[in-house]
file target_16.txt (compact mmCIF, C-alpha atoms)
# COMPACT_ATOMS: atom_id res chain seq x y z
CA MET A 684 0.00 0.00 0.00
CA PRO A 685 1.29 3.48 -0.79
CA SER A 686 2.28 5.56 2.22
CA ALA A 687 0.42 8.77 3.09
CA ALA A 688 3.50 10.75 2.02
CA GLU A 689 3.60 8.99 -1.35
CA ARG A 690 -0.13 9.51 -1.89
CA THR A 691 0.18 13.21 -1.10
CA ARG A 692 3.21 13.60 -3.34
CA THR A 693 1.29 11.85 -6.12
CA LEU A 694 -1.63 14.28 -5.75
CA VAL A 695 0.67 17.30 -5.86
CA GLN A 696 2.36 16.06 -9.03
CA SER A 697 -0.88 14.95 -10.70
CA THR A 698 -3.26 17.06 -12.76
CA CYS A 699 -5.92 17.30 -10.02
CA SER A 700 -7.27 20.75 -9.24
CA ALA A 701 -5.53 22.99 -6.72
CA VAL A 702 -6.19 26.35 -5.11
CA LEU A 703 -3.95 28.55 -2.99
CA LEU A 704 -5.56 29.91 0.17
CA ILE A 705 -4.23 32.87 2.15
CA PRO A 706 -6.02 33.94 5.38
CA GLY A 707 -7.75 37.29 4.97
CA LEU A 708 -7.20 37.43 1.22
CA GLU A 709 -10.25 38.04 -0.93
CA CYS A 710 -10.23 37.26 -4.64
CA ILE A 711 -12.90 38.15 -7.16
CA TYR A 712 -11.57 35.74 -9.76
CA PRO A 713 -10.87 32.30 -8.19
CA ASP A 714 -8.68 31.22 -11.12
CA GLN A 715 -6.12 33.80 -9.99
CA LEU A 716 -5.44 31.54 -7.01
CA MET A 717 -5.17 28.35 -9.07
CA PRO A 718 -1.52 27.62 -9.93
CA GLY A 719 -0.94 26.94 -13.60
CA VAL A 720 2.12 24.84 -12.77
CA ARG A 721 3.24 23.18 -9.54
CA THR A 722 6.45 21.31 -8.90
CA VAL A 723 8.23 19.92 -5.84
CA GLY A 724 11.72 21.12 -5.03
CA PRO A 725 14.62 19.03 -3.66
CA ASP A 726 13.80 19.95 -0.05
CA GLY A 727 10.08 19.28 -0.38
CA GLU A 728 9.11 22.90 -1.01
CA ILE A 729 6.39 23.47 -3.60
CA PHE A 730 6.92 25.92 -6.45
CA LEU A 731 3.79 27.49 -7.90
CA VAL A 732 3.36 29.54 -11.05
CA LEU A 733 0.59 32.15 -10.84
CA PRO A 734 -0.43 35.23 -12.87
CA ALA A 735 1.68 38.26 -11.98
CA ASP A 736 -1.48 40.18 -11.06
CA SER A 737 -2.72 37.45 -8.71
CA PRO A 738 -3.60 38.69 -5.20
CA ALA A 739 -1.38 35.87 -3.90
CA VAL A 740 1.63 37.33 -5.74
CA ARG A 741 0.92 40.81 -4.40
CA ALA A 742 0.54 39.47 -0.87
CA ALA A 743 3.77 37.47 -1.09
CA THR A 744 5.64 40.44 -2.55
CA HIS A 745 4.64 42.74 0.30
CA ALA A 746 4.88 40.18 3.12
CA GLN A 747 7.31 41.11 5.88
CA ASP A 748 9.96 38.70 7.17
CA ASP A 749 8.71 35.98 4.81
CA GLU A 750 5.90 35.13 7.24
CA LEU A 751 2.93 34.93 4.86
CA ALA A 752 0.87 31.90 5.91
CA ALA A 753 -0.79 30.02 3.05
CA ALA A 754 -2.20 26.61 2.19
CA LEU A 755 -2.43 24.66 -1.02
CA GLU A 756 -5.61 22.61 -1.22
CA LEU A 757 -5.94 19.83 -3.78
CA THR A 758 -9.06 17.94 -4.83
CA ASP A 759 -8.76 14.66 -6.70
CA VAL A 760 -11.76 13.61 -8.81
CA ALA A 761 -12.07 10.22 -10.49
CA PRO A 762 -11.59 10.52 -14.28
CA VAL A 763 -14.55 8.19 -14.89
CA SER A 764 -18.20 8.64 -13.95
CA VAL A 765 -18.79 6.86 -10.65
CA PRO A 766 -20.79 7.37 -7.42
CA ASN A 767 -18.94 9.59 -4.91
CA ARG A 768 -16.53 10.83 -7.54
CA ILE A 769 -14.16 12.75 -5.25
CA ARG A 770 -11.31 10.38 -4.48
CA GLY A 771 -9.33 12.53 -2.11
CA ARG A 772 -8.21 15.88 -0.80
CA ALA A 773 -4.88 17.10 0.48
CA ARG A 774 -3.90 20.25 2.35
CA LEU A 775 -0.33 21.50 2.47
CA SER A 776 0.17 24.60 4.60
CA GLY A 777 3.20 26.71 5.32
CA TRP A 778 4.81 30.01 4.34
CA LEU A 779 4.69 31.67 0.94
CA THR A 780 7.42 33.77 -0.69
CA CYS A 781 8.21 35.10 -4.14
CA VAL A 782 11.23 33.59 -5.90
CA PRO A 783 13.52 36.47 -7.00
CA GLY A 784 14.61 36.52 -10.60
CA MET A 785 12.25 33.75 -11.64
CA ALA A 786 9.51 35.88 -13.14
CA GLU A 787 8.12 35.13 -16.62
CA PRO A 788 6.14 37.55 -18.78
CA GLY A 789 2.83 37.92 -16.96
CA ARG A 790 3.65 35.19 -14.44
CA MET A 791 5.46 34.81 -11.14
CA LEU A 792 7.01 31.89 -9.30
CA LEU A 793 6.08 31.42 -5.65
CA ARG A 794 7.62 29.08 -3.11
CA LEU A 795 5.57 27.33 -0.43
CA GLU A 796 7.70 26.05 2.45
CA LEU A 797 5.72 23.34 4.20
CA GLY A 798 4.84 23.23 7.87
CA GLU A 799 1.85 20.87 7.95
CA VAL A 800 0.58 18.28 5.48
CA SER A 801 -2.53 16.08 5.56
CA VAL A 802 -4.37 13.82 3.15
CA ASP A 803 -7.93 12.48 3.20
CA ASP A 804 -8.47 9.92 0.46
CA LEU A 805 -9.71 6.42 -0.34
CA TRP A 806 -7.13 4.98 2.07
CA GLY A 807 -8.14 7.15 5.02
CA THR A 808 -7.18 10.38 6.76
CA GLU A 809 -3.55 10.86 7.78
CA SER A 810 -1.04 13.54 8.67
CA VAL A 811 2.30 13.66 6.90
CA GLU A 812 5.55 15.09 8.19
CA PRO A 813 7.06 17.62 5.75
CA GLU A 814 10.30 15.64 5.78
CA GLU A 815 8.44 12.46 4.80
CA PHE A 816 6.77 14.37 1.97
CA ALA A 817 10.15 15.65 0.77
CA HIS A 818 11.60 12.14 0.57
CA ALA A 819 8.53 10.47 -0.97
CA CYS A 820 8.22 9.67 -4.67
CA PRO A 821 5.04 10.02 -6.71
CA ASP A 822 3.44 6.88 -8.06
CA PRO A 823 5.10 5.91 -11.40
CA LEU A 824 1.66 5.66 -13.06
CA VAL A 825 0.52 9.16 -12.05
CA ASP A 826 1.01 10.68 -15.52
CA HIS A 827 -1.02 7.92 -17.18
CA GLU A 828 -3.61 6.95 -14.56
CA ALA A 829 -6.53 8.97 -15.94
CA GLU A 830 -6.02 7.69 -19.48
CA LEU A 831 -5.56 4.11 -18.27
CA LEU A 832 -8.74 4.15 -16.17
CA GLN A 833 -10.75 5.63 -19.03
CA HIS A 834 -9.36 2.96 -21.37
CA LEU A 835 -10.19 0.16 -18.93
CA HIS A 836 -13.72 1.50 -18.48
CA ALA A 837 -14.44 2.08 -22.18
CA GLY A 838 -12.47 -0.74 -23.79
CA HIS A 839 -12.43 -3.50 -21.18
CA GLY A 840 -15.70 -2.99 -19.34
CA ASP A 841 -16.72 -6.65 -19.54
CA GLN A 842 -13.38 -7.82 -18.17
CA VAL A 843 -13.52 -5.29 -15.35
CA ARG A 844 -17.04 -6.45 -14.54
CA GLY A 845 -15.75 -10.03 -14.55
CA LEU A 846 -13.47 -9.18 -11.61
CA SER A 847 -16.53 -9.72 -9.43
CA ALA A 848 -15.64 -13.43 -9.68
CA LEU A 849 -12.64 -12.70 -7.43
CA LEU A 850 -14.66 -11.15 -4.62
CA GLY A 851 -15.21 -14.45 -2.85
CA GLU A 852 -17.86 -14.89 -0.20
CA ARG A 853 -17.68 -11.28 1.00
CA GLU A 854 -19.92 -10.13 -1.82
CA SER A 855 -21.99 -11.76 -4.51
CA SER A 856 -19.73 -12.93 -7.33
CA ALA A 857 -22.40 -12.80 -10.03
CA SER A 858 -21.48 -9.99 -12.40
CA ASP A 859 -25.15 -9.28 -13.17
CA ALA A 860 -25.72 -8.46 -9.50
CA TYR A 861 -24.19 -5.03 -10.10
CA ALA A 862 -25.65 -2.10 -11.95
CA GLN A 863 -22.21 -0.56 -12.36
CA VAL A 864 -18.64 -1.81 -12.08
CA VAL A 865 -16.09 0.94 -12.62
CA PRO A 866 -12.29 1.10 -12.23
CA VAL A 867 -11.85 4.07 -9.91
CA ALA A 868 -8.14 4.19 -9.04
CA LEU A 869 -4.89 2.66 -10.21
CA ASP A 870 -1.42 2.71 -8.70
CA ARG A 871 1.74 0.61 -8.74
CA PHE A 872 0.31 -1.68 -6.05
CA GLY A 873 -3.03 -2.54 -7.66
CA LEU A 874 -6.42 -1.62 -9.07
CA ARG A 875 -9.41 -0.30 -7.14
CA VAL A 876 -12.88 -1.04 -8.54
CA ARG A 877 -16.19 0.40 -7.36
CA PHE A 878 -19.17 -1.98 -7.44
CA THR A 879 -22.73 -0.64 -7.28
CA ARG A 880 -25.46 -3.16 -6.47
CA ARG A 881 -28.70 -3.41 -8.40
CA GLU A 882 -31.07 -3.68 -5.45
CA GLY A 883 -33.13 -0.59 -4.72
CA GLY A 884 -33.38 1.44 -1.56
CA GLY A 885 -30.77 3.54 0.14
CA THR A 886 -28.37 5.99 -1.43
CA ALA A 887 -25.72 5.27 -4.02
CA ALA A 888 -23.18 5.36 -1.19
CA ASP A 889 -25.11 2.65 0.67
CA ARG A 890 -25.21 0.46 -2.43
CA SER A 891 -21.58 0.92 -3.47
CA PHE A 892 -18.37 -0.58 -2.19
CA ASP A 893 -14.76 -0.64 -3.31
CA ALA A 894 -12.60 -3.71 -3.86
CA ARG A 895 -8.82 -3.65 -4.23
CA PHE A 896 -7.10 -6.12 -6.54
CA GLU A 897 -3.46 -6.16 -5.50
CA PHE A 898 -0.57 -7.00 -7.81
CA PRO A 899 1.87 -9.67 -6.57
CA GLU A 900 4.68 -7.10 -6.92
CA PRO A 901 4.49 -3.33 -7.45
CA VAL A 902 4.73 -2.40 -11.14
CA ARG A 903 7.35 0.05 -12.36
CA ASP A 904 5.96 0.97 -15.76
CA ILE A 905 3.17 0.52 -18.30
CA ALA A 906 4.66 -2.70 -19.70
CA GLN A 907 4.57 -4.38 -16.29
CA LEU A 908 1.08 -3.01 -15.70
CA ARG A 909 -0.19 -4.63 -18.90
CA GLN A 910 1.19 -7.98 -17.75
CA GLU A 911 -0.46 -7.70 -14.34
CA MET A 912 -3.81 -6.64 -15.79
CA HIS A 913 -3.70 -9.60 -18.18
CA ARG A 914 -2.92 -11.92 -15.27
CA LEU A 915 -5.76 -10.40 -13.23
CA PHE A 916 -8.33 -10.80 -16.02
CA GLU A 917 -7.19 -14.38 -16.61
CA ALA A 918 -7.61 -15.20 -12.91
CA ALA A 919 -11.16 -13.80 -12.97
CA GLY A 920 -12.05 -15.85 -16.04
CA SER A 921 -10.66 -19.15 -14.86
call {"tool": "encode", "arguments": {"input": "target_16.txt", "output": "structure tokens"}}
result
Amino acid sequence: MPSAAERTRTLVQSTCSAVLLIPGLECIYPDQLMPGVRTVGPDGEIFLVLPADSPAVRAATHAQDDELAAALELTDVAPVSVPNRIRGRARLSGWLTCVPGMAEPGRMLLRLELGEVSVDDLWGTESVEPEEFAHACPDPLVDHEAELLQHLHAGHGDQVRGLSALLGERESSASDAYAQVVPVALDRFGLRVRFTRREGGGTAADRSFDARFEFPEPVRDIAQLRQEMHRLFEAAGS
């Protein structure tokens, strides 16, 4: 299972939405607080590119003693249509400064030095030490996960539905017992699938559950992932 630090690092370096929050700062145009680019530095600091006229840039420019408190909030949404589509949120708070000499035409580079980090996702809610975040690596599939999940859902829907045969006695293994079977998350350790039962009554949340299908060994790249998915589909069909 990926650590909380790895999951948070993966979110930061993914394409999920992010917004920069500064206490007491009001912004008429929310997109001015949404970094166009975000990267992680060697010491775990986060570099953010924002419009030069962003209120966050003005606040960081005029902050005294580099003590401008700020937080980066990220929201991760499943790239396929599924009940309870938000997969996770992360909050990384600390101190914001401008990076001298790193301005681009119409844009500025800001540096967020981390003090507190937390993640609330499909694995649970956990706090992360900034040092752990700095040393963590993002999941190797992060740049391809959305495309891979969409491909599995659109091109291999029957095989994904057939994974119900691997659920055992915990849930019904009949694939027609589910109104929807959707791959909802993918990482180097395995595939997470959301099953929604056909029976009526209750909310979608009541009728849905997730199942994890773990790989024998963590995959390192797309080629290994293909092999593991083939093995998984074969196991379900046997």
call {"tool": "atom_distance", "arguments": {"input": "target_16.txt", "atom1": "CA of Leu779 (chain A)", "atom2": "CA of Cys710 (chain A)"}}
result
16.9 Å
call {"tool": "closest_residue", "arguments": {"input": "target_16.txt", "among": "A:Arg881, A:Ala746, A:Asp870, A:Trp778", "to": "Glu900 (chain A)", "atoms": "only C-alpha atoms"}}
result
A:Asp870
call {"tool": "residues_around", "arguments": {"input": "target_16.txt", "residues": "Gln696 (chain A)", "least_positions_apart": "4", "cutoff": "8 Å", "atoms": "only C-alpha atoms", "output": "ChimeraX atom specification"}}
result
/A:692,721-723,821,825
call {"tool": "atom_distance", "arguments": {"input": "target_16.txt", "atom1": "CA of Leu793 (chain A)", "atom2": "CA of Val720 (chain A)"}}
result
10.5 Å
call {"tool": "closest_atom_pairs", "arguments": {"input": "target_16.txt", "of": "region 769-836 of chain A", "to": "region 737-745 of chain A", "cutoff": "9 Å", "atoms": "only C-alpha atoms", "output": "CSV"}}
result
residue,atom,partner,partner_atom,distance
A:Leu779,CA,A:Ala743,CA,6.2
A:Thr780,CA,A:Ala743,CA,5.2
A:Cys781,CA,A:Ala743,CA,5.9
A:Arg790,CA,A:Ser737,CA,8.9
A:Met791,CA,A:Val740,CA,7.1
A:Leu792,CA,A:Val740,CA,8.4
A:Leu793,CA,A:Val740,CA,7.4
call {"tool": "decode", "arguments": {"input": "target_16.txt", "residues": "region 689-808 of chain A", "atoms": "C-alpha atoms", "output": "tab-separated table (two decimals), in the first residue's frame"}}
result
chain	number	residue	atom	x	y	z
A	689	GLU	CA	3.60	8.99	-1.35
A	690	ARG	CA	-0.13	9.51	-1.89
A	691	THR	CA	0.18	13.21	-1.10
A	692	ARG	CA	3.21	13.60	-3.34
A	693	THR	CA	1.29	11.85	-6.12
A	694	LEU	CA	-1.63	14.28	-5.75
A	695	VAL	CA	0.67	17.30	-5.86
A	696	GLN	CA	2.36	16.06	-9.03
A	697	SER	CA	-0.88	14.95	-10.70
A	698	THR	CA	-3.26	17.06	-12.76
A	699	CYS	CA	-5.92	17.30	-10.02
A	700	SER	CA	-7.27	20.75	-9.24
A	701	ALA	CA	-5.53	22.99	-6.72
A	702	VAL	CA	-6.19	26.35	-5.11
A	703	LEU	CA	-3.95	28.55	-2.99
A	704	LEU	CA	-5.56	29.91	0.17
A	705	ILE	CA	-4.23	32.87	2.15
A	706	PRO	CA	-6.02	33.94	5.38
A	707	GLY	CA	-7.75	37.29	4.97
A	708	LEU	CA	-7.20	37.43	1.22
A	709	GLU	CA	-10.25	38.04	-0.93
A	710	CYS	CA	-10.23	37.26	-4.64
A	711	ILE	CA	-12.90	38.15	-7.16
A	712	TYR	CA	-11.57	35.74	-9.76
A	713	PRO	CA	-10.87	32.30	-8.19
A	714	ASP	CA	-8.68	31.22	-11.12
A	715	GLN	CA	-6.12	33.80	-9.99
A	716	LEU	CA	-5.44	31.54	-7.01
A	717	MET	CA	-5.17	28.35	-9.07
A	718	PRO	CA	-1.52	27.62	-9.93
A	719	GLY	CA	-0.94	26.94	-13.60
A	720	VAL	CA	2.12	24.84	-12.77
A	721	ARG	CA	3.24	23.18	-9.54
A	722	THR	CA	6.45	21.31	-8.90
A	723	VAL	CA	8.23	19.92	-5.84
A	724	GLY	CA	11.72	21.12	-5.03
A	725	PRO	CA	14.62	19.03	-3.66
A	726	ASP	CA	13.80	19.95	-0.05
A	727	GLY	CA	10.08	19.28	-0.38
A	728	GLU	CA	9.11	22.90	-1.01
A	729	ILE	CA	6.39	23.47	-3.60
A	730	PHE	CA	6.92	25.92	-6.45
A	731	LEU	CA	3.79	27.49	-7.90
A	732	VAL	CA	3.36	29.54	-11.05
A	733	LEU	CA	0.59	32.15	-10.84
A	734	PRO	CA	-0.43	35.23	-12.87
A	735	ALA	CA	1.68	38.26	-11.98
A	736	ASP	CA	-1.48	40.18	-11.06
A	737	SER	CA	-2.72	37.45	-8.71
A	738	PRO	CA	-3.60	38.69	-5.20
A	739	ALA	CA	-1.38	35.87	-3.90
A	740	VAL	CA	1.63	37.33	-5.74
A	741	ARG	CA	0.92	40.81	-4.40
A	742	ALA	CA	0.54	39.47	-0.87
A	743	ALA	CA	3.77	37.47	-1.09
A	744	THR	CA	5.64	40.44	-2.55
A	745	HIS	CA	4.64	42.74	0.30
A	746	ALA	CA	4.88	40.18	3.12
A	747	GLN	CA	7.31	41.11	5.88
A	748	ASP	CA	9.96	38.70	7.17
A	749	ASP	CA	8.71	35.98	4.81
A	750	GLU	CA	5.90	35.13	7.24
A	751	LEU	CA	2.93	34.93	4.86
A	752	ALA	CA	0.87	31.90	5.91
A	753	ALA	CA	-0.79	30.02	3.05
A	754	ALA	CA	-2.20	26.61	2.19
A	755	LEU	CA	-2.43	24.66	-1.02
A	756	GLU	CA	-5.61	22.61	-1.22
A	757	LEU	CA	-5.94	19.83	-3.78
A	758	THR	CA	-9.06	17.94	-4.83
A	759	ASP	CA	-8.76	14.66	-6.70
A	760	VAL	CA	-11.76	13.61	-8.81
A	761	ALA	CA	-12.07	10.22	-10.49
A	762	PRO	CA	-11.59	10.52	-14.28
A	763	VAL	CA	-14.55	8.19	-14.89
A	764	SER	CA	-18.20	8.64	-13.95
A	765	VAL	CA	-18.79	6.86	-10.65
A	766	PRO	CA	-20.79	7.37	-7.42
A	767	ASN	CA	-18.94	9.59	-4.91
A	768	ARG	CA	-16.53	10.83	-7.54
A	769	ILE	CA	-14.16	12.75	-5.25
A	770	ARG	CA	-11.31	10.38	-4.48
A	771	GLY	CA	-9.33	12.53	-2.11
A	772	ARG	CA	-8.21	15.88	-0.80
A	773	ALA	CA	-4.88	17.10	0.48
A	774	ARG	CA	-3.90	20.25	2.35
A	775	LEU	CA	-0.33	21.50	2.47
A	776	SER	CA	0.17	24.60	4.60
A	777	GLY	CA	3.20	26.71	5.32
A	778	TRP	CA	4.81	30.01	4.34
A	779	LEU	CA	4.69	31.67	0.94
A	780	THR	CA	7.42	33.77	-0.69
A	781	CYS	CA	8.21	35.10	-4.14
A	782	VAL	CA	11.23	33.59	-5.90
A	783	PRO	CA	13.52	36.47	-7.00
A	784	GLY	CA	14.61	36.52	-10.60
A	785	MET	CA	12.25	33.75	-11.64
A	786	ALA	CA	9.51	35.88	-13.14
A	787	GLU	CA	8.12	35.13	-16.62
A	788	PRO	CA	6.14	37.55	-18.78
A	789	GLY	CA	2.83	37.92	-16.96
A	790	ARG	CA	3.65	35.19	-14.44
A	791	MET	CA	5.46	34.81	-11.14
A	792	LEU	CA	7.01	31.89	-9.30
A	793	LEU	CA	6.08	31.42	-5.65
A	794	ARG	CA	7.62	29.08	-3.11
A	795	LEU	CA	5.57	27.33	-0.43
A	796	GLU	CA	7.70	26.05	2.45
A	797	LEU	CA	5.72	23.34	4.20
A	798	GLY	CA	4.84	23.23	7.87
A	799	GLU	CA	1.85	20.87	7.95
A	800	VAL	CA	0.58	18.28	5.48
A	801	SER	CA	-2.53	16.08	5.56
A	802	VAL	CA	-4.37	13.82	3.15
A	803	ASP	CA	-7.93	12.48	3.20
A	804	ASP	CA	-8.47	9.92	0.46
A	805	LEU	CA	-9.71	6.42	-0.34
A	806	TRP	CA	-7.13	4.98	2.07
A	807	GLY	CA	-8.14	7.15	5.02
A	808	THR	CA	-7.18	10.38	6.76
